[in-house]
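Asker: If you scroll down you'll find the structure; I have some questions about it.
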Amino acid sequence: MFEHSKEDERDLVRISGNIVASNAGELKAQLAKLLRDGAVQLRLDLAGVPLIDSMGLTVLIAAHNSLQKTGKRLELTNVCQDVRKLFAAMRLDHHFEIIG
Amino acid sequence: MFTVERKADRLEFLLAARFELVDRVCAEVERLLAEHGLEDLGFVVLLGLREALANAICHGARLDPGKEIGATVRCEERALVIRVTDPGAGFDWKRIIAGKLAAIKQQPSQLSKRGRGLGILLHYFDGVSFNPRGNVVELQLCIPAGKRHAP
């Protein structure tokens with residue numbers, strides 16, 4: 001579900017599968033570890049994510065809030081249309097940096 | 001604990017209050033949608049179902065896996081109906097709906113980490129209703145004319 005790589009200063013995380021209640025805790029812990037280890041530019045590739053529920057949104061918001069303390073924003077790429085609309089409906093699209 | 005009863009137009013579930021069982025419910029419902037030609041509604045239906053079940057597990061069963069949640073997903077002629085029942089004491093939904101509907105629709109503080117579940121239901125579904133006690137929620141999603149076909 002979680003594949004991490006490093007591109008220059010950016011930490012890239014590819015996620016596959018839904019981000020939902022049953023796995024949100026695991027993803028939250030993995031992202032928190034990256035942030036503790038010093039990640040300041042975090043990009044999540046959501047090409048393999050067809051659905052995110054409110055607990056999944058909570059994980060993304062927690063990562064965003066942590067990054068914001070260092071003046072950075074959470075970057076999201078390859079966001080499918082349904083999830084993009086969900087971000088807009090929840091007014092999160094103005095906070096996350098959605099690329100592409 | 002997980003049981004599913006399959007009928008032509010509906011699925012009826014009884015499950016322990018565990019998040020991983022929600023994934024099994026959703027897999028069954030995806031098949032039901034496909035049988036009725038309603039795959040296009042999959043995102044909204046599965047999102048709503050997940051939110052309703054998560055609320056039931058968190059607030060109704062208070063994360064106690066020894067408690068049971070009931071769920072029915074029914075394909076009617078013009079609507080898809082999701083009904084989730086939890087074992088909790090319920091909540092004062094009249095106050096929530098009357099007093100906070102506007103705030104929920106406007107969404108909580110944008111960086112708030114919680115409080116989006118009910119907002120998602122109200123945004124995506126044509127009908128969101130509760131029983132008087134507040135431990136049964138019913139979601140209605142209109143099916144566009146001509147969309148559904150018999151399995």
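Letters A, B, ... mark the chains of the structure tokens in the order given; residue numbers begin at 1 per chain; ligand numbers begin at 1, in order shown.
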List every residue of chain A that DSSP, applied to the backbone, labels as strand (DSSP E or B), and write the result as a PDB file with C-alpha atoms, in the first residue's frame.

Answerer:
```pdb
ATOM      1  CA  PHE A   2       2.915   2.324   0.780  1.00  0.00           C
ATOM      2  CA  GLU A   3       6.048   2.720  -1.343  1.00  0.00           C
ATOM      3  CA  HIS A   4       8.559   5.359  -0.381  1.00  0.00           C
ATOM      4  CA  SER A   5      11.346   6.833  -2.478  1.00  0.00           C
ATOM      5  CA  LYS A   6      13.456   9.970  -2.425  1.00  0.00           C
ATOM      6  CA  GLU A   7      13.812  12.444  -5.289  1.00  0.00           C
ATOM      7  CA  ARG A  10      11.393  15.450  -1.883  1.00  0.00           C
ATOM      8  CA  ASP A  11       9.983  12.355  -0.244  1.00  0.00           C
ATOM      9  CA  LEU A  12       7.678  10.578  -2.688  1.00  0.00           C
ATOM     10  CA  VAL A  13       5.122   8.107  -1.404  1.00  0.00           C
ATOM     11  CA  ARG A  14       3.109   5.975  -3.780  1.00  0.00           C
ATOM     12  CA  ILE A  15      -0.086   4.707  -2.226  1.00  0.00           C
ATOM     13  CA  SER A  16      -2.192   1.937  -3.682  1.00  0.00           C
ATOM     14  CA  ILE A  19      -7.392   5.162   2.169  1.00  0.00           C
ATOM     15  CA  GLN A  41       8.683  18.119   1.108  1.00  0.00           C
ATOM     16  CA  LEU A  42       6.205  15.297   0.910  1.00  0.00           C
ATOM     17  CA  ARG A  43       4.467  14.261  -2.282  1.00  0.00           C
ATOM     18  CA  LEU A  44       1.823  11.559  -2.272  1.00  0.00           C
ATOM     19  CA  ASP A  45       1.138   9.812  -5.564  1.00  0.00           C
ATOM     20  CA  LEU A  46      -2.532   8.814  -5.452  1.00  0.00           C
ATOM     21  CA  ALA A  47      -2.707   7.150  -8.879  1.00  0.00           C
ATOM     22  CA  GLY A  48      -3.681   3.897  -7.178  1.00  0.00           C
ATOM     23  CA  ILE A  52     -10.681   8.165   0.470  1.00  0.00           C
ATOM     24  CA  GLU A  75       1.661  17.769  -2.480  1.00  0.00           C
ATOM     25  CA  LEU A  76      -0.747  15.326  -4.082  1.00  0.00           C
ATOM     26  CA  THR A  77      -0.354  14.012  -7.583  1.00  0.00           C
ATOM     27  CA  GLU A  97      -1.169  21.332  -3.462  1.00  0.00           C
ATOM     28  CA  ILE A  98      -2.735  19.191  -6.157  1.00  0.00           C
ATOM     29  CA  ILE A  99      -0.388  18.676  -9.072  1.00  0.00           C
TER      30      ILE A  99
END
```

Asker: As number ranges by chain, could you give me every residue of chain A near chain B (at most 12 Å apart, counting only C-alpha atoms)?

Answerer: A: 17-25, 49-66, 68, 80-83, 85-96

Asker: Among the residues of chain A, find those DSSP assigns to alpha helix (DSSP H) from the backbone and print them as number ranges by chain.

Answerer: A: 21-36, 54-68, 81-89

Asker: Write the residues of the selection above to a file with C-alpha atoms, as a CSV table (one decimal), in the first residue's frame.

Answerer:
```csv
chain,number,residue,atom,x,y,z
A,21,ALA,CA,-10.9,3.4,8.2
A,22,SER,CA,-9.4,-0.1,8.1
A,23,ASN,CA,-5.9,1.1,7.0
A,24,ALA,CA,-5.8,4.8,7.9
A,25,GLY,CA,-4.0,4.2,11.1
A,26,GLU,CA,-1.2,2.3,9.4
A,27,LEU,CA,-0.7,5.1,6.8
A,28,LYS,CA,-0.8,7.7,9.5
A,29,ALA,CA,2.0,6.0,11.4
A,30,GLN,CA,4.1,5.6,8.2
A,31,LEU,CA,3.7,9.3,7.2
A,32,ALA,CA,4.3,10.4,10.8
A,33,LYS,CA,7.6,8.4,10.8
A,34,LEU,CA,8.7,10.1,7.6
A,35,LEU,CA,7.9,13.5,9.1
A,36,ARG,CA,9.8,12.6,12.3
A,54,SER,CA,-13.3,10.8,6.2
A,55,MET,CA,-10.7,8.9,8.3
A,56,GLY,CA,-8.4,8.9,5.3
A,57,LEU,CA,-8.9,12.6,4.9
A,58,THR,CA,-7.9,13.0,8.6
A,59,VAL,CA,-4.5,11.3,7.8
A,60,LEU,CA,-3.9,13.7,4.9
A,61,ILE,CA,-4.8,16.7,7.0
A,62,ALA,CA,-2.5,15.6,9.8
A,63,ALA,CA,0.4,15.3,7.4
A,64,HIS,CA,-0.5,18.7,5.9
A,65,ASN,CA,-0.7,20.3,9.3
A,66,SER,CA,2.8,18.9,10.3
A,67,LEU,CA,4.3,20.2,7.0
A,68,GLN,CA,2.7,23.6,7.4
A,81,GLN,CA,-11.6,12.7,-10.6
A,82,ASP,CA,-13.8,11.3,-7.8
A,83,VAL,CA,-11.3,12.1,-5.1
A,84,ARG,CA,-10.5,15.5,-6.6
A,85,LYS,CA,-14.3,16.3,-6.3
A,86,LEU,CA,-14.3,15.1,-2.7
A,87,PHE,CA,-11.4,17.4,-1.8
A,88,ALA,CA,-13.3,20.3,-3.4
A,89,ALA,CA,-16.6,19.4,-1.6
```

Asker: From the list B:Leu15, B:Glu138, B:Thr3, B:Ala34, which residue is nearest B:Lys67 when using only C-alpha atoms?

Answerer: B:Leu15

Asker: To one decimal in Å, tell me the separation between atom CA of B:Val81 and atom CA of B:Leu139.

Answerer: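 Between atom CA of B:Val81 and atom CA of B:Leu139 the gap works out to 5.6 Å.
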